[in-house]
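Below is one structure, written out as structure tokens; comments come after it.
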Amino acid sequence: MTLFKKLALSVALVLPVAAVNADTISPETYAATLAVGESVTITKTVTIEESVTSGVLDVVFLIDTSGSMGSVISAAKAAAANLLTGLAGFGDLATGTGYYSEPGSALNTDLTTDEVAGVAAINAINLYDGGGGGDFPEEGIHAVELAAKNTSWRPGSSRFIIALGDATFKESDGSTLASAQAALADNDVTFIGIDFGYMTYTSWGGIDPTVLATASGGSIVSSAISPDALIASIVAGINDSFATYDKVTVDDLGAGMPGVGVSVTCLTADVGACVGDSAVGDFDRSVARSFTFSVTFTGLETGTHSFLTHGLVDGGIVASEKDRITVTGTEVPEPSSLLLLGMGLLGLGLTRRQFKA
């Protein structure tokens, strides 16, 4: 479950989450020098606070560029840009941008953490990109599936696709409602629609994207909602979705490889139990809770390797710390090699004693 999974958006104004201590992982930094094959083990503590104030967010904006958007496409682009700026203040935000129309859809699958570049990509979308229209339903189903499958989602991120349009969706280019739903589920993505007219009006044909939103834990909201209220609704949903949780662990998500191997064992699990690398149980945020883990770093390739190790709650990153492991070229002998070396030295000593006799 990602950070915002099972999020239920509200169109009513919700005040932003109050500033509180964020979840932490300690020590905040760790450095060591190891030989190839050598290992070191330390203890890391993950503290989960009563509220969440930051996270790793990946957001893809899909903008309807069909002809009927002529009077509102500027407002849609402004809304997307305002959302990008607002969410950037919450945490580590990466964004992607695409469009859908009738016919045609396109997506830049490479996310950027550069806020200026993200806004520029939104502003670069134009009316009639992809063809401009031809009938009422637009190719939103294909655009959503494409975005869910092909976006370079970051490991441990909370993932959103936000579509801004004025018409229902249709199945096209081999994409079906079922395949789009599966793509969202398989990649743990929440779908949100911002309606600039008739996004849910099926009397004129097409598929109501509310189905995608409901299945993925999102919602369809009116464009009349202010950007501040929408951002506040998303942020407020964090505490609801993470009021309870059942798994905490530590993981570098492969960032140390190939130079450093990282293995984790749970040591303490607050009121839960340790199972392998994870603390599992029925946890809640009524109080701050601490979990400890044994983390072993093993030198695999020479060089200086800097990477992040994360505290994960139900698979979503809630805290990160920096590790710096320097691996030297001196290889540590295997235990069997050490035994053979010892036997050789013993034999040499016996030979010398016999010679002296």
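By convention in this document, the chains of the structure tokens carry letters A, B, ... by their order, each chain's residues are numbered from 1, and ligands are numbered from 1 in the order they are shown.
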
For segment 243-249 of chain A, work out the shell of residues within 10 Å, counting only C-alpha atoms and skipping chain neighbours fewer than 4 positions away, then give it as number ranges by chain.
A: 1, 45-48, 50-52, 237-239, 264-266, 269, 272-286, 290-293, 310-317

Find the residues near Gly261 of chain A: any atom within 7 Å, counting only C-alpha atoms, skip ones fewer than 4 places away on the same chain, and give them as a list of chain:residue names.
A:Gly256, A:Met257, A:Phe297, A:Thr298, A:Gly299, A:Leu300

Using only C-alpha atoms, find each residue in segment 183-226 of chain A having at least one atom no more than 7 Å away from segment 155-179 of chain A; report its shortest atom-to-atom pair and that distance in Å (one decimal), rows by chain then rising number, as a Markdown table.
| residue | atom | partner | partner_atom | distance |
| --- | --- | --- | --- | --- |
| A:Ala183 | CA | A:Ser179 | CA | 6.1 |
| A:Asp188 | CA | A:Arg159 | CA | 6.8 |
| A:Val189 | CA | A:Arg159 | CA | 4.8 |
| A:Thr190 | CA | A:Phe160 | CA | 4.8 |
| A:Phe191 | CA | A:Ile161 | CA | 4.9 |
| A:Ile192 | CA | A:Ile162 | CA | 4.8 |
| A:Gly193 | CA | A:Ala163 | CA | 4.8 |
| A:Ile194 | CA | A:Leu164 | CA | 4.8 |
| A:Asp195 | CA | A:Gly165 | CA | 5.7 |
| A:Phe196 | CA | A:Asp166 | CA | 4.6 |
| A:Gly197 | CA | A:Asp166 | CA | 4.4 |
| A:Tyr198 | CA | A:Ala167 | CA | 4.8 |
| A:Met199 | CA | A:Ala167 | CA | 4.0 |
| A:Thr200 | CA | A:Thr168 | CA | 5.8 |
| A:Tyr201 | CA | A:Thr168 | CA | 6.6 |
| A:Thr202 | CA | A:Thr168 | CA | 6.7 |
| A:Gly206 | CA | A:Thr168 | CA | 5.2 |
| A:Ile207 | CA | A:Phe169 | CA | 5.0 |
| A:Asp208 | CA | A:Thr168 | CA | 5.5 |
| A:Pro209 | CA | A:Phe169 | CA | 6.5 |

Take the selection from the previous step and output its residues with all heavy atoms, as a compact mmCIF listing (two decimals), in the first residue's frame.
# COMPACT_ATOMS: atom_id res chain seq x y z
N ALA A 183 -3.70 -1.99 -14.68
CA ALA A 183 -2.44 -1.26 -14.72
C ALA A 183 -2.28 -0.37 -13.50
O ALA A 183 -1.19 -0.26 -12.92
CB ALA A 183 -2.36 -0.43 -16.00
N ASP A 188 0.30 0.24 -8.30
CA ASP A 188 -0.06 0.92 -7.05
C ASP A 188 -0.25 2.41 -7.26
O ASP A 188 0.32 3.24 -6.54
CB ASP A 188 1.02 0.66 -6.01
CG ASP A 188 0.44 0.56 -4.59
OD1 ASP A 188 -0.80 0.60 -4.47
OD2 ASP A 188 1.22 0.45 -3.64
N VAL A 189 -1.08 2.76 -8.25
CA VAL A 189 -1.31 4.15 -8.63
C VAL A 189 -2.75 4.55 -8.28
O VAL A 189 -3.69 3.80 -8.53
CB VAL A 189 -1.07 4.36 -10.13
CG1 VAL A 189 -1.29 5.83 -10.51
CG2 VAL A 189 0.33 3.91 -10.54
N THR A 190 -2.91 5.74 -7.73
CA THR A 190 -4.22 6.31 -7.46
C THR A 190 -4.62 7.25 -8.59
O THR A 190 -3.82 8.11 -9.00
CB THR A 190 -4.21 7.10 -6.14
OG1 THR A 190 -3.91 6.21 -5.07
CG2 THR A 190 -5.55 7.76 -5.87
N PHE A 191 -5.84 7.10 -9.11
CA PHE A 191 -6.33 7.96 -10.19
C PHE A 191 -7.26 9.03 -9.63
O PHE A 191 -8.17 8.74 -8.85
CB PHE A 191 -7.08 7.14 -11.24
CG PHE A 191 -7.73 8.00 -12.30
CD1 PHE A 191 -6.98 8.54 -13.33
CD2 PHE A 191 -9.09 8.29 -12.24
CE1 PHE A 191 -7.56 9.35 -14.29
CE2 PHE A 191 -9.69 9.09 -13.20
CZ PHE A 191 -8.92 9.62 -14.23
N ILE A 192 -7.03 10.27 -10.04
CA ILE A 192 -7.89 11.40 -9.68
C ILE A 192 -8.30 12.11 -10.97
O ILE A 192 -7.47 12.35 -11.85
CB ILE A 192 -7.15 12.40 -8.77
CG1 ILE A 192 -6.76 11.73 -7.45
CG2 ILE A 192 -8.00 13.63 -8.50
CD1 ILE A 192 -5.83 12.58 -6.60
N GLY A 193 -9.57 12.44 -11.09
CA GLY A 193 -10.05 13.21 -12.23
C GLY A 193 -10.51 14.58 -11.78
O GLY A 193 -11.18 14.71 -10.75
N ILE A 194 -10.13 15.62 -12.52
CA ILE A 194 -10.63 16.97 -12.25
C ILE A 194 -11.52 17.35 -13.43
O ILE A 194 -11.07 17.46 -14.56
CB ILE A 194 -9.47 17.97 -12.08
CG1 ILE A 194 -8.56 17.52 -10.92
CG2 ILE A 194 -10.02 19.37 -11.81
CD1 ILE A 194 -7.40 18.45 -10.66
N ASP A 195 -12.80 17.51 -13.13
CA ASP A 195 -13.83 17.64 -14.15
C ASP A 195 -14.05 19.11 -14.53
O ASP A 195 -14.45 19.93 -13.71
CB ASP A 195 -15.13 17.04 -13.62
CG ASP A 195 -16.25 17.03 -14.65
OD1 ASP A 195 -15.98 17.38 -15.81
OD2 ASP A 195 -17.38 16.67 -14.27
N PHE A 196 -13.79 19.41 -15.82
CA PHE A 196 -14.00 20.76 -16.34
C PHE A 196 -15.28 20.84 -17.17
O PHE A 196 -15.43 21.76 -17.98
CB PHE A 196 -12.79 21.19 -17.18
CG PHE A 196 -11.63 21.63 -16.35
CD1 PHE A 196 -10.76 20.69 -15.80
CD2 PHE A 196 -11.39 22.97 -16.09
CE1 PHE A 196 -9.69 21.08 -15.02
CE2 PHE A 196 -10.32 23.37 -15.31
CZ PHE A 196 -9.47 22.43 -14.77
N GLY A 197 -16.20 19.91 -17.00
CA GLY A 197 -17.45 20.00 -17.74
C GLY A 197 -18.31 18.77 -17.62
O GLY A 197 -19.22 18.71 -16.80
N TYR A 198 -18.01 17.75 -18.44
CA TYR A 198 -18.88 16.59 -18.55
C TYR A 198 -18.10 15.27 -18.43
O TYR A 198 -18.39 14.31 -19.11
CB TYR A 198 -19.64 16.64 -19.88
CG TYR A 198 -20.50 17.86 -20.04
CD1 TYR A 198 -20.01 19.01 -20.67
CD2 TYR A 198 -21.79 17.89 -19.53
CE1 TYR A 198 -20.80 20.15 -20.80
CE2 TYR A 198 -22.60 19.02 -19.66
CZ TYR A 198 -22.09 20.15 -20.30
OH TYR A 198 -22.87 21.27 -20.42
N MET A 199 -17.12 15.23 -17.55
CA MET A 199 -16.29 14.04 -17.41
C MET A 199 -17.09 12.82 -16.97
O MET A 199 -16.74 11.69 -17.31
CB MET A 199 -15.15 14.32 -16.42
CG MET A 199 -14.17 13.18 -16.25
SD MET A 199 -12.77 13.59 -15.15
CE MET A 199 -11.61 14.33 -16.30
N THR A 200 -18.17 13.02 -16.26
CA THR A 200 -18.97 11.89 -15.76
C THR A 200 -20.33 11.81 -16.44
O THR A 200 -21.18 11.02 -16.03
CB THR A 200 -19.17 12.00 -14.24
OG1 THR A 200 -19.91 13.20 -13.95
CG2 THR A 200 -17.84 12.05 -13.52
N TYR A 201 -20.55 12.57 -17.52
CA TYR A 201 -21.85 12.66 -18.16
C TYR A 201 -21.96 11.62 -19.26
O TYR A 201 -21.65 11.85 -20.43
CB TYR A 201 -22.04 14.06 -18.75
CG TYR A 201 -23.45 14.36 -19.21
CD1 TYR A 201 -24.50 14.47 -18.30
CD2 TYR A 201 -23.73 14.53 -20.56
CE1 TYR A 201 -25.79 14.75 -18.71
CE2 TYR A 201 -25.01 14.82 -21.00
CZ TYR A 201 -26.04 14.93 -20.07
OH TYR A 201 -27.31 15.21 -20.49
N THR A 202 -22.42 10.42 -18.91
CA THR A 202 -22.44 9.29 -19.85
C THR A 202 -23.63 9.31 -20.81
O THR A 202 -23.71 8.48 -21.71
CB THR A 202 -22.45 7.96 -19.07
OG1 THR A 202 -23.56 7.94 -18.17
CG2 THR A 202 -21.16 7.78 -18.30
N GLY A 206 -19.66 7.08 -23.73
CA GLY A 206 -18.38 6.98 -23.05
C GLY A 206 -18.47 6.36 -21.68
O GLY A 206 -19.54 5.99 -21.20
N ILE A 207 -17.31 6.26 -21.04
CA ILE A 207 -17.16 5.61 -19.74
C ILE A 207 -16.89 6.65 -18.67
O ILE A 207 -16.03 7.53 -18.84
CB ILE A 207 -16.00 4.60 -19.79
CG1 ILE A 207 -16.30 3.49 -20.79
CG2 ILE A 207 -15.72 4.01 -18.40
CD1 ILE A 207 -15.12 2.60 -21.09
N ASP A 208 -17.63 6.57 -17.60
CA ASP A 208 -17.43 7.47 -16.47
C ASP A 208 -16.13 7.07 -15.76
O ASP A 208 -16.02 5.96 -15.22
CB ASP A 208 -18.62 7.35 -15.51
CG ASP A 208 -18.52 8.27 -14.31
OD1 ASP A 208 -17.45 8.86 -14.08
OD2 ASP A 208 -19.52 8.39 -13.57
N PRO A 209 -15.10 7.94 -15.74
CA PRO A 209 -13.82 7.57 -15.10
C PRO A 209 -13.90 7.43 -13.59
O PRO A 209 -12.90 7.09 -12.95
CB PRO A 209 -12.89 8.72 -15.51
CG PRO A 209 -13.80 9.87 -15.77
CD PRO A 209 -15.05 9.27 -16.34

Which one of A:Thr33, A:Ser233, A:Asn187, A:Asn123 sits closest to Leu146 of chain A if you count only C-alpha atoms?
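Under the stated criterion, the closest residue is A:Asn187.
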
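One finds atom CA of Ser39 of chain A at 10.2 Å from atom CA of Val327 of chain A.
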
What's the 10 Å shell around Asn126 of chain A, counting only C-alpha atoms, without same-chain residues fewer than 2 positions away, as a list in words?
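Non-adjacent residues within range: Ile63, Asp64, Thr65, Ser66, Gly70, Ile73, Ser74, Lys77, Tyr99, Ile122, Asn123, Ala124, Tyr128, Asp129, Gly130 and Gly132 of chain A.
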
Assign secondary structure with DSSP using the backbone only, and return the residues of segment 110-245 of chain A in strand (DSSP E) as a CSV table (one decimal) with C-alpha atoms, in the first residue's frame.
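Output file states_19.csv is given in full below:
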chain,number,residue,atom,x,y,z
A,158,SER,CA,3.2,7.3,-3.6
A,159,ARG,CA,1.8,7.5,-7.1
A,160,PHE,CA,-0.9,9.6,-8.7
A,161,ILE,CA,-2.3,10.1,-12.1
A,162,ILE,CA,-4.4,13.3,-12.3
A,163,ALA,CA,-6.5,13.8,-15.4
A,164,LEU,CA,-7.9,17.2,-16.2
A,165,GLY,CA,-10.7,17.2,-18.9
A,189,VAL,CA,-1.3,4.1,-8.6
A,190,THR,CA,-4.2,6.3,-7.5
A,191,PHE,CA,-6.3,8.0,-10.2
A,192,ILE,CA,-7.9,11.4,-9.7
A,193,GLY,CA,-10.1,13.2,-12.2
A,194,ILE,CA,-10.6,17.0,-12.3
A,195,ASP,CA,-13.8,17.6,-14.1
A,220,ILE,CA,-13.5,12.8,-9.4
A,221,VAL,CA,-13.6,16.4,-8.2
A,222,SER,CA,-15.1,19.5,-9.8
A,244,THR,CA,-3.3,2.4,10.9
A,245,TYR,CA,-0.5,0.4,9.3

Name the residues in contact with Asp323 of chain A at a cut-off of 10 Å, using only C-alpha atoms, excluding same-chain residues fewer than 6 positions from it; report them as a list in words.
Pro27, Glu28, Thr29, Tyr30, Ala31, Ala32, Asp252, Gly256, Phe297, His305, Ser306, Phe307, Leu308 and Thr309 of chain A

Separation of atom CA of Leu212 of chain A and atom CA of Leu84 of chain A, in Å?
21.8 Å

Find the spatial neighbours of Lys149 of chain A, counting only C-alpha atoms, within a cut-off of 10 Å - ignore same-chain residues fewer than 2 positions away - and output them as a ChimeraX atom specification.
/A:109,144-147,151-153,180,182-184,186-187,189

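Distances from A:Asn82, A:Thr43, A:Thr302, A:Thr24 to Ser263 of chain A were compared using only C-alpha atoms, and the smallest one belongs to A:Thr43.
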